[in-house]
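Below is query19.tsv, holding TSV, C-alpha atoms and all ligand atoms.
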chain	number	residue	atom	x	y	z
V	1154	MET	CA	-30.96	11.91	-2.89
V	1155	SER	CA	-32.76	9.10	-1.12
V	1156	GLU	CA	-32.94	9.62	2.62
V	1157	ASN	CA	-31.42	6.20	3.29
V	1158	ILE	CA	-28.41	6.77	1.08
V	1159	LYS	CA	-25.81	9.36	1.86
V	1160	VAL	CA	-22.93	10.17	-0.44
V	1161	VAL	CA	-20.04	12.20	0.88
V	1162	VAL	CA	-16.74	13.21	-0.62
V	1163	ARG	CA	-13.44	13.34	1.17
V	1164	CYS	CA	-10.49	15.05	-0.43
V	1165	ARG	CA	-7.11	13.84	0.81
V	1166	PRO	CA	-4.01	16.03	1.13
V	1167	MET	CA	-1.34	15.82	-1.54
V	1168	ASN	CA	1.25	13.17	-0.92
V	1169	GLN	CA	5.01	13.70	-1.00
V	1170	CYS	CA	5.35	12.67	-4.62
V	1171	GLU	CA	2.58	15.06	-5.73
V	1172	LYS	CA	4.20	17.89	-3.75
V	1173	GLU	CA	7.60	17.18	-5.27
V	1174	ARG	CA	6.08	17.23	-8.75
V	1175	LYS	CA	4.51	20.58	-7.81
V	1176	CYS	CA	1.03	19.29	-8.67
V	1177	GLN	CA	-1.72	21.89	-8.65
V	1178	ASN	CA	-4.87	21.47	-6.58
V	1179	ILE	CA	-7.89	21.42	-8.89
V	1180	VAL	CA	-10.51	20.50	-6.26
V	1181	GLU	CA	-12.28	23.16	-4.24
V	1182	ILE	CA	-14.68	22.30	-1.44
V	1183	ASN	CA	-17.31	24.68	-0.25
V	1184	GLY	CA	-20.01	23.37	2.09
V	1185	PHE	CA	-21.72	20.50	0.27
V	1186	ALA	CA	-20.29	21.50	-3.10
V	1187	VAL	CA	-17.19	20.24	-4.84
V	1188	SER	CA	-15.84	22.26	-7.79
V	1189	VAL	CA	-13.31	20.74	-10.13
V	1190	THR	CA	-11.17	22.79	-12.50
V	1191	ASN	CA	-10.24	21.36	-15.85
V	1192	PRO	CA	-6.41	21.36	-15.59
V	1193	SER	CA	-5.94	21.79	-19.33
V	1194	ALA	CA	-8.45	24.64	-19.62
V	1195	ARG	CA	-8.16	26.54	-16.35
V	1196	ILE	CA	-10.22	29.50	-17.49
V	1197	SER	CA	-13.19	27.34	-18.50
V	1198	GLN	CA	-16.04	27.01	-16.04
V	1199	LYS	CA	-15.46	24.69	-13.09
V	1200	LYS	CA	-17.59	21.56	-12.85
V	1201	LYS	CA	-19.67	21.66	-9.70
V	1202	PHE	CA	-21.09	18.64	-7.86
V	1203	ILE	CA	-23.33	18.61	-4.79
V	1204	PHE	CA	-23.15	15.85	-2.14
V	1205	ASP	CA	-24.67	15.16	1.26
V	1206	SER	CA	-21.42	16.46	2.63
V	1207	ALA	CA	-17.93	17.25	1.41
V	1208	TYR	CA	-14.77	17.22	3.49
V	1209	LYS	CA	-11.66	19.26	2.91
V	1210	MET	CA	-8.19	17.77	3.12
V	1211	GLU	CA	-7.65	19.03	6.69
V	1212	THR	CA	-10.69	17.13	8.03
V	1213	ASN	CA	-9.87	14.11	10.13
V	1214	THR	CA	-11.78	10.84	10.11
V	1215	GLU	CA	-13.29	11.51	13.54
V	1216	VAL	CA	-15.34	14.42	12.19
V	1217	ILE	CA	-16.57	12.29	9.28
V	1218	TYR	CA	-17.48	9.50	11.68
V	1219	ASP	CA	-19.44	11.80	13.98
V	1220	GLU	CA	-21.31	13.52	11.18
V	1221	MET	CA	-21.94	10.66	8.77
V	1222	CYS	CA	-21.52	7.30	10.53
V	1223	TYR	CA	-22.62	7.79	14.13
V	1224	SER	CA	-26.38	7.65	13.53
V	1225	LEU	CA	-26.10	4.72	11.12
V	1226	VAL	CA	-24.17	2.70	13.71
V	1227	GLU	CA	-26.75	3.63	16.36
V	1228	SER	CA	-29.49	2.26	14.14
V	1229	THR	CA	-27.65	-1.05	13.62
V	1230	ILE	CA	-27.46	-1.36	17.42
V	1231	GLU	CA	-31.25	-0.83	17.44
V	1232	GLY	CA	-31.73	-3.67	14.95
V	1233	TYR	CA	-31.44	-2.23	11.44
V	1234	ASN	CA	-28.95	-3.16	8.72
V	1235	GLY	CA	-26.43	-0.65	7.44
V	1236	THR	CA	-23.39	-0.37	5.22
V	1237	ILE	CA	-20.51	2.05	5.11
V	1238	PHE	CA	-18.06	1.98	2.27
V	1239	ALA	CA	-15.37	3.91	0.51
V	1240	TYR	CA	-15.23	4.18	-3.26
V	1241	GLY	CA	-12.48	5.68	-5.40
V	1242	GLN	CA	-9.22	5.22	-7.23
V	1243	THR	CA	-6.27	3.41	-5.72
V	1244	GLY	CA	-4.33	5.79	-3.50
V	1245	CYS	CA	-7.21	8.19	-2.84
V	1246	GLY	CA	-7.53	7.20	0.82
V	1247	LYS	CA	-10.16	4.43	1.08
V	1248	THR	CA	-8.17	2.23	3.43
V	1249	HIS	CA	-6.90	5.25	5.37
V	1250	THR	CA	-10.53	6.25	5.93
V	1251	MET	CA	-12.08	2.83	6.54
V	1252	GLN	CA	-9.39	0.91	8.38
V	1253	GLY	CA	-7.14	3.66	9.67
V	1254	ASP	CA	-3.51	4.22	9.10
V	1255	GLU	CA	-0.71	2.94	11.28
V	1256	LEU	CA	1.14	6.18	10.49
V	1257	PHE	CA	-1.56	8.09	12.37
V	1258	SER	CA	-2.99	5.75	14.97
V	1259	ASN	CA	-4.16	2.16	14.78
V	1260	LYS	CA	-7.63	3.22	15.71
V	1261	SER	CA	-7.98	6.20	13.42
V	1262	GLY	CA	-10.28	4.58	10.85
V	1263	ILE	CA	-14.05	4.36	10.63
V	1264	ILE	CA	-14.02	0.59	11.23
V	1265	PRO	CA	-12.20	0.73	14.62
V	1266	LYS	CA	-14.39	3.70	15.57
V	1267	CYS	CA	-17.48	1.57	14.85
V	1268	PHE	CA	-16.10	-1.14	17.18
V	1269	ASP	CA	-15.57	1.35	20.02
V	1270	HIS	CA	-18.96	2.95	19.48
V	1271	ILE	CA	-20.85	-0.36	19.40
V	1272	PHE	CA	-19.26	-1.80	22.53
V	1273	GLU	CA	-19.51	1.44	24.47
V	1274	THR	CA	-23.22	1.62	23.69
V	1275	ILE	CA	-24.08	-2.00	24.35
V	1276	SER	CA	-22.15	-2.05	27.61
V	1277	MET	CA	-24.59	0.57	28.88
V	1278	ALA	CA	-27.75	-1.28	27.78
V	1279	THR	CA	-29.79	-2.28	30.78
V	1280	ASN	CA	-32.83	-4.12	29.44
V	1281	VAL	CA	-31.29	-6.19	26.71
V	1282	ARG	CA	-28.14	-8.16	26.23
V	1283	TYR	CA	-26.36	-8.48	22.95
V	1284	LEU	CA	-24.72	-11.31	21.09
V	1285	ALA	CA	-22.13	-9.87	18.72
V	1286	LEU	CA	-20.72	-11.95	15.86
V	1287	VAL	CA	-18.19	-10.98	13.24
V	1288	THR	CA	-17.29	-12.29	9.80
V	1289	TYR	CA	-14.70	-11.02	7.35
V	1290	LEU	CA	-14.72	-11.96	3.69
V	1291	GLU	CA	-12.94	-10.96	0.55
V	1292	ILE	CA	-14.32	-10.86	-2.99
V	1293	TYR	CA	-11.49	-11.42	-5.41
V	1294	ASN	CA	-12.20	-12.08	-9.09
V	1295	GLU	CA	-15.87	-12.67	-8.10
V	1296	ARG	CA	-14.80	-15.45	-5.71
V	1297	ILE	CA	-15.57	-15.29	-2.02
V	1298	ARG	CA	-12.81	-16.09	0.48
V	1299	ASP	CA	-13.14	-16.39	4.24
V	1300	LEU	CA	-10.53	-14.11	5.81
V	1301	LEU	CA	-11.10	-15.47	9.31
V	1302	ASN	CA	-10.15	-19.02	8.37
V	1303	LYS	CA	-6.46	-19.61	9.09
V	1304	ASN	CA	-6.19	-22.42	6.57
V	1305	GLU	CA	-7.85	-20.65	3.70
V	1306	ASN	CA	-4.89	-19.30	1.84
V	1307	THR	CA	-5.66	-20.70	-1.58
V	1308	SER	CA	-7.29	-18.84	-4.42
V	1309	LEU	CA	-9.24	-22.02	-5.28
V	1310	ILE	CA	-11.69	-21.43	-2.46
V	1311	ASN	CA	-15.03	-19.99	-3.47
V	1312	HIS	CA	-17.79	-19.84	-0.86
V	1313	SER	CA	-21.35	-19.89	-2.13
V	1314	LEU	CA	-24.01	-17.34	-1.49
V	1315	LYS	CA	-27.34	-18.66	-0.27
V	1316	GLU	CA	-30.61	-16.83	-0.40
V	1317	ILE	CA	-32.66	-17.67	2.69
V	1318	PRO	CA	-36.27	-16.48	2.42
V	1319	GLY	CA	-37.09	-13.95	5.12
V	1320	ILE	CA	-33.46	-13.66	6.18
V	1321	GLY	CA	-31.64	-12.48	3.11
V	1322	VAL	CA	-28.47	-13.44	1.34
V	1323	SER	CA	-25.70	-14.97	3.37
V	1324	VAL	CA	-22.58	-17.10	3.08
V	1325	PRO	CA	-23.33	-19.97	5.47
V	1326	THR	CA	-19.86	-21.53	5.32
V	1327	LEU	CA	-18.03	-18.44	6.58
V	1328	THR	CA	-16.26	-18.51	9.95
V	1329	THR	CA	-18.32	-16.58	12.47
V	1330	GLN	CA	-16.54	-15.36	15.60
V	1331	PRO	CA	-18.29	-14.20	18.76
V	1332	VAL	CA	-16.83	-10.98	20.17
V	1333	VAL	CA	-17.34	-9.29	23.53
V	1334	ASN	CA	-15.29	-6.14	23.17
V	1335	ALA	CA	-13.84	-3.73	20.61
V	1336	ASN	CA	-10.33	-5.13	20.94
V	1337	GLN	CA	-11.47	-8.59	19.88
V	1338	CYS	CA	-13.08	-7.07	16.76
V	1339	TYR	CA	-9.89	-5.20	16.02
V	1340	ASP	CA	-7.85	-8.39	16.42
V	1341	TRP	CA	-10.10	-10.21	13.93
V	1342	LEU	CA	-9.83	-7.33	11.47
V	1343	HIS	CA	-6.05	-7.47	11.74
V	1344	PHE	CA	-6.04	-11.26	11.46
V	1345	GLY	CA	-8.16	-11.09	8.28
V	1346	ASN	CA	-6.00	-8.37	6.75
V	1347	THR	CA	-2.97	-10.63	6.84
V	1348	ASN	CA	-4.95	-13.04	4.62
V	1349	ARG	CA	-5.86	-10.46	1.96
V	1350	VAL	CA	-4.80	-10.87	-1.62
V	1351	THR	CA	-2.60	-7.98	-2.58
V	1352	ALA	CA	-0.64	-7.30	-5.73
V	1353	ALA	CA	1.47	-4.42	-6.93
V	1354	THR	CA	0.20	-2.00	-9.55
V	1355	LEU	CA	1.94	1.02	-10.96
V	1356	MET	CA	-0.42	3.33	-9.09
V	1357	ASN	CA	0.11	2.07	-5.54
V	1358	LYS	CA	2.34	-0.85	-4.76
V	1359	HIS	CA	0.36	-1.78	-1.66
V	1360	SER	CA	-2.91	-1.53	-3.47
V	1361	SER	CA	-5.44	-4.22	-2.83
V	1362	ARG	CA	-7.19	-5.70	-5.83
V	1363	SER	CA	-10.05	-7.13	-3.83
V	1364	HIS	CA	-13.16	-5.94	-2.05
V	1365	THR	CA	-13.54	-6.82	1.62
V	1366	ILE	CA	-16.62	-6.87	3.82
V	1367	PHE	CA	-16.27	-6.97	7.61
V	1368	THR	CA	-19.66	-7.69	9.17
V	1369	ILE	CA	-20.83	-7.27	12.75
V	1370	THR	CA	-24.19	-8.81	13.58
V	1371	LEU	CA	-25.81	-7.65	16.79
V	1372	GLU	CA	-28.56	-9.83	18.15
V	1373	GLN	CA	-30.59	-8.55	21.08
V	1374	SER	CA	-32.20	-10.84	23.59
V	1375	PRO	CA	-34.29	-9.85	26.58
V	1376	PHE	CA	-32.62	-9.36	29.92
V	1377	PHE	CA	-35.60	-9.85	32.19
V	1378	ASN	CA	-35.56	-8.01	35.48
V	1379	SER	CA	-38.05	-6.27	37.70
V	1380	MET	CA	-38.45	-3.51	35.07
V	1381	VAL	CA	-38.87	-5.72	31.99
V	1382	SER	CA	-41.01	-8.81	31.79
V	1383	GLU	CA	-41.28	-11.36	29.03
V	1384	ASP	CA	-44.56	-9.71	27.95
V	1385	ASP	CA	-42.80	-6.40	27.39
V	1386	PHE	CA	-40.33	-7.85	24.96
V	1387	ARG	CA	-41.56	-7.91	21.39
V	1388	GLY	CA	-39.42	-10.37	19.48
V	1389	ILE	CA	-35.70	-10.62	18.92
V	1390	ARG	CA	-34.04	-7.87	16.95
V	1391	LYS	CA	-31.00	-8.31	14.81
V	1392	GLY	CA	-28.96	-5.56	13.22
V	1393	LYS	CA	-26.06	-5.94	10.81
V	1394	LEU	CA	-23.31	-3.49	10.03
V	1395	SER	CA	-21.28	-4.13	6.86
V	1396	LEU	CA	-17.98	-2.29	6.58
V	1397	VAL	CA	-16.60	-2.38	3.08
V	1398	ASP	CA	-13.16	-1.53	1.74
V	1399	LEU	CA	-13.45	-1.56	-2.05
V	1400	ALA	CA	-10.73	-2.21	-4.61
V	1401	GLY	CA	-9.62	0.78	-6.69
V	1402	SER	CA	-12.06	2.17	-9.24
V	1403	GLU	CA	-9.37	3.23	-11.74
V	1404	LYS	CA	-9.71	2.55	-15.42
V	1405	GLN	CA	-7.56	-0.33	-16.63
V	1406	HIS	CA	-5.41	1.56	-19.17
V	1407	LYS	CA	-4.11	3.93	-16.47
V	1408	THR	CA	-2.73	1.19	-14.26
V	1409	GLY	CA	-0.48	-0.57	-16.76
V	1410	ALA	CA	-2.49	-3.75	-16.16
V	1411	GLN	CA	-1.80	-6.76	-18.33
V	1412	GLY	CA	-2.49	-10.51	-18.20
V	1413	ASP	CA	-3.73	-11.59	-14.74
V	1414	ARG	CA	-3.89	-7.98	-13.58
V	1415	LEU	CA	-6.11	-7.10	-16.54
V	1416	LYS	CA	-8.40	-10.06	-15.81
V	1417	GLU	CA	-8.65	-8.87	-12.21
V	1418	ALA	CA	-9.34	-5.31	-13.29
V	1419	SER	CA	-12.28	-6.36	-15.45
V	1420	LYS	CA	-13.78	-8.42	-12.58
V	1421	ILE	CA	-13.20	-5.58	-10.12
V	1422	ASN	CA	-14.87	-3.18	-12.49
V	1423	LEU	CA	-17.74	-5.64	-12.96
V	1424	SER	CA	-18.54	-5.50	-9.24
V	1425	LEU	CA	-18.08	-1.75	-9.16
V	1426	SER	CA	-20.25	-1.11	-12.20
V	1427	ALA	CA	-22.93	-3.40	-10.72
V	1428	LEU	CA	-22.69	-1.33	-7.54
V	1429	GLY	CA	-23.12	1.87	-9.55
V	1430	ASN	CA	-26.21	0.45	-11.29
V	1431	VAL	CA	-27.74	-0.64	-7.98
V	1432	ILE	CA	-27.18	2.78	-6.43
V	1433	SER	CA	-28.68	4.55	-9.46
V	1434	SER	CA	-31.79	2.37	-9.29
V	1435	LEU	CA	-32.17	2.86	-5.53
V	1436	VAL	CA	-31.71	6.61	-5.74
V	1437	ASP	CA	-34.08	6.85	-8.69
V	1438	GLY	CA	-36.79	5.42	-6.45
V	1439	LYS	CA	-39.05	4.71	-9.46
V	1440	ALA	CA	-36.96	1.91	-10.94
V	1441	LYS	CA	-38.98	-1.32	-10.86
V	1442	HIS	CA	-35.94	-3.56	-10.91
V	1443	VAL	CA	-32.82	-3.11	-8.79
V	1444	PRO	CA	-30.06	-5.30	-10.31
V	1445	PHE	CA	-28.67	-6.69	-7.03
V	1446	ARG	CA	-28.02	-10.06	-8.64
V	1447	ASP	CA	-25.40	-8.79	-11.07
V	1448	SER	CA	-22.41	-9.22	-8.73
V	1449	LYS	CA	-21.41	-10.90	-5.46
V	1450	LEU	CA	-20.82	-7.51	-3.86
V	1451	THR	CA	-24.30	-6.18	-4.58
V	1452	ARG	CA	-25.99	-9.45	-3.58
V	1453	LEU	CA	-24.19	-9.43	-0.24
V	1454	LEU	CA	-25.11	-5.84	0.48
V	1455	GLN	CA	-28.70	-6.23	-0.69
V	1456	ASP	CA	-30.27	-6.37	2.77
V	1457	SER	CA	-28.71	-3.10	3.95
V	1458	ARG	CA	-29.60	0.48	4.19
V	1459	TYR	CA	-26.77	2.01	2.25
V	1460	TYR	CA	-24.41	4.70	3.27
V	1461	PHE	CA	-21.83	5.63	0.77
V	1462	ALA	CA	-18.62	7.47	0.95
V	1463	LYS	CA	-17.27	8.58	-2.36
V	1464	PHE	CA	-13.69	9.58	-2.57
V	1465	PHE	CA	-11.79	11.87	-4.78
V	1466	MET	CA	-8.31	11.80	-6.04
V	1467	GLU	CA	-6.86	15.09	-7.17
R	1501	LIG	P1	-6.56	3.45	-1.12
R	1501	LIG	O1	-6.97	2.48	-0.06
R	1501	LIG	O2	-7.72	4.26	-1.65
R	1501	LIG	O3	-5.79	2.82	-2.22
R	1501	LIG	P2	-4.86	4.53	0.94
R	1501	LIG	O4	-5.84	4.64	2.05
R	1501	LIG	O5	-3.93	3.37	0.99
R	1501	LIG	O6	-5.59	4.54	-0.47
R	1501	LIG	O7	-4.07	5.91	0.88
R	1501	LIG	C1	-2.94	6.11	0.05
R	1501	LIG	C2	-1.91	6.93	0.82
R	1501	LIG	O8	-2.41	8.23	1.11
R	1501	LIG	C3	-1.52	6.31	2.15
R	1501	LIG	O9	-0.13	6.45	2.31
R	1501	LIG	C4	-2.26	7.13	3.19
R	1501	LIG	O10	-1.51	7.22	4.38
R	1501	LIG	C5	-2.37	8.49	2.52
R	1501	LIG	N1	-3.64	9.17	2.86
R	1501	LIG	C6	-4.85	8.87	2.38
R	1501	LIG	N2	-5.80	9.69	2.88
R	1501	LIG	C7	-5.17	10.53	3.72
R	1501	LIG	C8	-5.59	11.62	4.55
R	1501	LIG	N3	-6.88	11.99	4.61
R	1501	LIG	N4	-4.63	12.26	5.28
R	1501	LIG	C9	-3.34	11.89	5.20
R	1501	LIG	N5	-2.88	10.88	4.43
R	1501	LIG	C10	-3.77	10.20	3.70
R	1502	MG	MG	-6.84	0.41	-0.06

Could you express the structure from this file as structure tokens?
Ligand code: ADP
Ligand code: MG
Amino acid sequence: MSENIKVVVRCRPMNQCEKERKCQNIVEINGFAVSVTNPSARISQKKKFIFDSAYKMETNTEVIYDEMCYSLVESTIEGYNGTIFAYGQTGCGKTHTMQGDELFSNKSGIIPKCFDHIFETISMATNVRYLALVTYLEIYNERIRDLLNKNENTSLINHSLKEIPGIGVSVPTLTTQPVVNANQCYDWLHFGNTNRVTAATLMNKHSSRSHTIFTITLEQSPFFNSMVSEDDFRGIRKGKLSLVDLAGSEKQHKTGAQGDRLKEASKINLSLSALGNVISSLVDGKAKHVPFRDSKLTRLLQDSRYYFAKFFME
């Protein structure tokens, strides 16, 4: 696996409905390995998969953050780009992991933990000061919506991507909010969430059918004092952390999707299959062409080092 891409699996506990139906656990986690039993042929050999890490159902998000996200977030504070996202079927725990769960604690997710980590670290910086800016967008049916714009509640909006040589791909018309502490970031996340497009499916009635990207850009500028002179400072550094909550990866026939829902599902799967192709090419290392341009999601994440979290549903 490429050193800049990490793939981890998190197995969630069974929910009430699964317990009531007396569902059997077919996933076994042992170190970095995940073994899956074929439920209709239990005596056949288990399928085994190896990841950068694998987390059992008892593991809480804090452990995953410390082991898999901490160093990535540190490097974005130093001026690199990074992405953390959760991939998997609806109901497998992507939002629980990324955003946190009000049932547990508002700040239990990876995204709020990133906010705390970033502001704790930059408040201790002595030689540089930071300008922190956030954006929050949603990709729904391959259209980009600005979740930080109060008035943008129509599905007709579609922001354009612009490729700026030397800078990368960005959405110049998005609302950008300056933030000075973790609470402000959290408030913007919450504000944006109320603008998300959600629709019921048979698998999870609160399921979101869209991908979201919350971005924090951290720009360093010199803080000259007796220890640091202008000569010591070598250019401005800018790091970007993209925090992605993907729509469900389920196959259409399982969800009972029809009409508009089916149209959505094919667009969602388009972005997800483009993502899969991009990851395969990056991991392959020898691929001459990485198909970033195939979807909005992959174009937006093009300028990142990638960190991936892959999720399992039993
Ligand atoms: P997704 O975003 O992938 O559709 P959710 O994050 O909404 O899934 O999770 C579905 C349900 O499972 C939620 O009720 C959530 O509270 C619960 N859940 C998910 N992961 C865990 C976990 N690791 N521990 C406890 N409950 C979880
Ligand atoms: Mg979700």

Given the choices V:Asn1213, V:Ser1433, V:Thr1279, V:Thr1326, which gets closest to Leu1314 (chain V) if the distance is worked out from all atoms listed in the file? V:Thr1326

Near Trp1341 (chain V), within 10 Å and counting all atoms listed in the file, which residues show up once chain neighbours fewer than 5 positions away are dropped, as a PyMOL selection string? chain V and resi 1287-1289+1300-1301+1330+1332+1336+1346+1367

In Å to one decimal, how far is CA of Thr1370 (chain V) from CA of Leu1286 (chain V)? 5.2 Å

Distance table requested - chain V against ligand LIG 1501 (chain R), cut-off 8 Å, only C-alpha atoms and all ligand atoms: one row per qualifying residue with the closest atom pair and its distance in Å to one decimal, ordered by chain and rising residue number, as CSV.
residue,atom,partner,partner_atom,distance
V:Arg1163,CA,R:LIG1501,N3,7.5
V:Cys1164,CA,R:LIG1501,N3,6.9
V:Arg1165,CA,R:LIG1501,N3,4.2
V:Pro1166,CA,R:LIG1501,N4,5.6
V:Met1167,CA,R:LIG1501,N5,7.9
V:Asn1168,CA,R:LIG1501,O8,6.5
V:Met1210,CA,R:LIG1501,N3,6.1
V:Glu1211,CA,R:LIG1501,N3,7.4
V:Thr1212,CA,R:LIG1501,N3,7.3
V:Asn1213,CA,R:LIG1501,N3,6.6
V:Thr1214,CA,R:LIG1501,N3,7.5
V:Ala1239,CA,R:LIG1501,O2,8.0
V:Tyr1240,CA,R:LIG1501,O2,7.7
V:Gly1241,CA,R:LIG1501,O2,6.2
V:Gln1242,CA,R:LIG1501,O2,5.9
V:Thr1243,CA,R:LIG1501,O3,3.6
V:Gly1244,CA,R:LIG1501,O6,3.5
V:Cys1245,CA,R:LIG1501,O2,4.1
V:Gly1246,CA,R:LIG1501,O4,3.3
V:Lys1247,CA,R:LIG1501,O2,3.7
V:Thr1248,CA,R:LIG1501,O4,3.6
V:His1249,CA,R:LIG1501,O4,3.5
V:Thr1250,CA,R:LIG1501,O4,6.3
V:Met1251,CA,R:LIG1501,O4,7.9
V:Gly1253,CA,R:LIG1501,O4,7.8
V:Asp1254,CA,R:LIG1501,O10,5.9
V:Leu1256,CA,R:LIG1501,O10,6.7
V:Asn1357,CA,R:LIG1501,O3,6.8
V:His1359,CA,R:LIG1501,O5,7.2
V:Ser1360,CA,R:LIG1501,O3,5.4
V:Ser1361,CA,R:LIG1501,O3,7.1
V:Asp1398,CA,R:LIG1501,O1,7.6
V:Leu1399,CA,R:LIG1501,O1,7.9
V:Ala1400,CA,R:LIG1501,O3,7.4
V:Gly1401,CA,R:LIG1501,O3,6.2

Selection: 12 Å around Ala1278 (chain V), only C-alpha atoms, excl. self and same-chain fewer than 6 positions, as a PDB file with C-alpha atoms, in the frame of the given file:
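Contents of the output file out.pdb:
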ATOM      1  CA  ILE V1230     -27.460  -1.360  17.420  1.00  0.00           C
ATOM      2  CA  GLU V1231     -31.250  -0.830  17.440  1.00  0.00           C
ATOM      3  CA  ILE V1271     -20.850  -0.360  19.400  1.00  0.00           C
ATOM      4  CA  PHE V1272     -19.260  -1.800  22.530  1.00  0.00           C
ATOM      5  CA  GLN V1373     -30.590  -8.550  21.080  1.00  0.00           C
ATOM      6  CA  SER V1374     -32.200 -10.840  23.590  1.00  0.00           C
ATOM      7  CA  PRO V1375     -34.290  -9.850  26.580  1.00  0.00           C
ATOM      8  CA  PHE V1376     -32.620  -9.360  29.920  1.00  0.00           C
TER       9      PHE V1376
END

I'd like the neighbourhood of region 1178-1187 of chain V as an mmCIF file with C-alpha atoms, keeping the file's coordinate frame, where a residue qualifies if any of its atoms comes within 12 Å (using only C-alpha atoms), though same-chain residues fewer than 3 positions away should be ignored.
data_model
loop_
_atom_site.group_PDB
_atom_site.id
_atom_site.type_symbol
_atom_site.label_atom_id
_atom_site.label_comp_id
_atom_site.auth_asym_id
_atom_site.auth_seq_id
_atom_site.Cartn_x
_atom_site.Cartn_y
_atom_site.Cartn_z
ATOM 1 C CA LYS V 1159 -25.810 9.360 1.860
ATOM 2 C CA VAL V 1160 -22.930 10.170 -0.440
ATOM 3 C CA VAL V 1161 -20.040 12.200 0.880
ATOM 4 C CA VAL V 1162 -16.740 13.210 -0.620
ATOM 5 C CA ARG V 1163 -13.440 13.340 1.170
ATOM 6 C CA CYS V 1164 -10.490 15.050 -0.430
ATOM 7 C CA ARG V 1165 -7.110 13.840 0.810
ATOM 8 C CA PRO V 1166 -4.010 16.030 1.130
ATOM 9 C CA MET V 1167 -1.340 15.820 -1.540
ATOM 10 C CA ASN V 1168 1.250 13.170 -0.920
ATOM 11 C CA GLU V 1171 2.580 15.060 -5.730
ATOM 12 C CA LYS V 1172 4.200 17.890 -3.750
ATOM 13 C CA ARG V 1174 6.080 17.230 -8.750
ATOM 14 C CA LYS V 1175 4.510 20.580 -7.810
ATOM 15 C CA THR V 1190 -11.170 22.790 -12.500
ATOM 16 C CA ASN V 1191 -10.240 21.360 -15.850
ATOM 17 C CA PRO V 1192 -6.410 21.360 -15.590
ATOM 18 C CA SER V 1193 -5.940 21.790 -19.330
ATOM 19 C CA ALA V 1194 -8.450 24.640 -19.620
ATOM 20 C CA ARG V 1195 -8.160 26.540 -16.350
ATOM 21 C CA LYS V 1199 -15.460 24.690 -13.090
ATOM 22 C CA LYS V 1200 -17.590 21.560 -12.850
ATOM 23 C CA LYS V 1201 -19.670 21.660 -9.700
ATOM 24 C CA PHE V 1202 -21.090 18.640 -7.860
ATOM 25 C CA ILE V 1203 -23.330 18.610 -4.790
ATOM 26 C CA PHE V 1204 -23.150 15.850 -2.140
ATOM 27 C CA ASP V 1205 -24.670 15.160 1.260
ATOM 28 C CA SER V 1206 -21.420 16.460 2.630
ATOM 29 C CA ALA V 1207 -17.930 17.250 1.410
ATOM 30 C CA TYR V 1208 -14.770 17.220 3.490
ATOM 31 C CA LYS V 1209 -11.660 19.260 2.910
ATOM 32 C CA MET V 1210 -8.190 17.770 3.120
ATOM 33 C CA GLU V 1211 -7.650 19.030 6.690
ATOM 34 C CA THR V 1212 -10.690 17.130 8.030
ATOM 35 C CA LYS V 1463 -17.270 8.580 -2.360
ATOM 36 C CA PHE V 1464 -13.690 9.580 -2.570
ATOM 37 C CA PHE V 1465 -11.790 11.870 -4.780
ATOM 38 C CA MET V 1466 -8.310 11.800 -6.040
ATOM 39 C CA GLU V 1467 -6.860 15.090 -7.170
#

Mind pulling up the distance from CA of Leu1425 (chain V) to CA of Ser1448 (chain V)? 8.6 Å

From V:Ser1363, V:Asn1294, V:Ser1395, V:Ser1434, residue lying nearest ligand MG 1502 (chain R) [all atoms listed in the file]: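 Between V:Ser1363, V:Asn1294, V:Ser1395, V:Ser1434, the residue approaching ligand MG 1502 (chain R) most closely is V:Ser1363.
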
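Atom pair CA of Gly1232 (chain V) / CA of Leu1371 (chain V): separated by 7.4 Å.
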
Rank nothing, just name the residue among V:Arg1362, V:Lys1441, V:His1270, V:Arg1452 nearest to ligand MG 1502 (chain R), using only C-alpha atoms and all ligand atoms.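 Closest residue, counting only C-alpha atoms and all ligand atoms: V:Arg1362.
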
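Using all atoms listed in the file, the shortest contact distance between His1364 (chain V) and any of V:Leu1342, V:Leu1284, V:Ile1292, V:Ala1440 is found at V:Ile1292.
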
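The environment of Asn1348 (chain V) within 10 Å, counting all atoms listed in the file and disregarding residues fewer than 6 places along the same chain, consists of Leu1290, Glu1291, Arg1298, Asp1299, Leu1300, Leu1301, Asn1302, Lys1303, Asn1304, Glu1305, Asn1306 and Thr1307 of chain V.
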
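Minimum distance to Val1281 (chain V) across V:Leu1453, V:Ile1389, V:Leu1396, V:Ile1158 (counting only C-alpha atoms) occurs at V:Ile1389.
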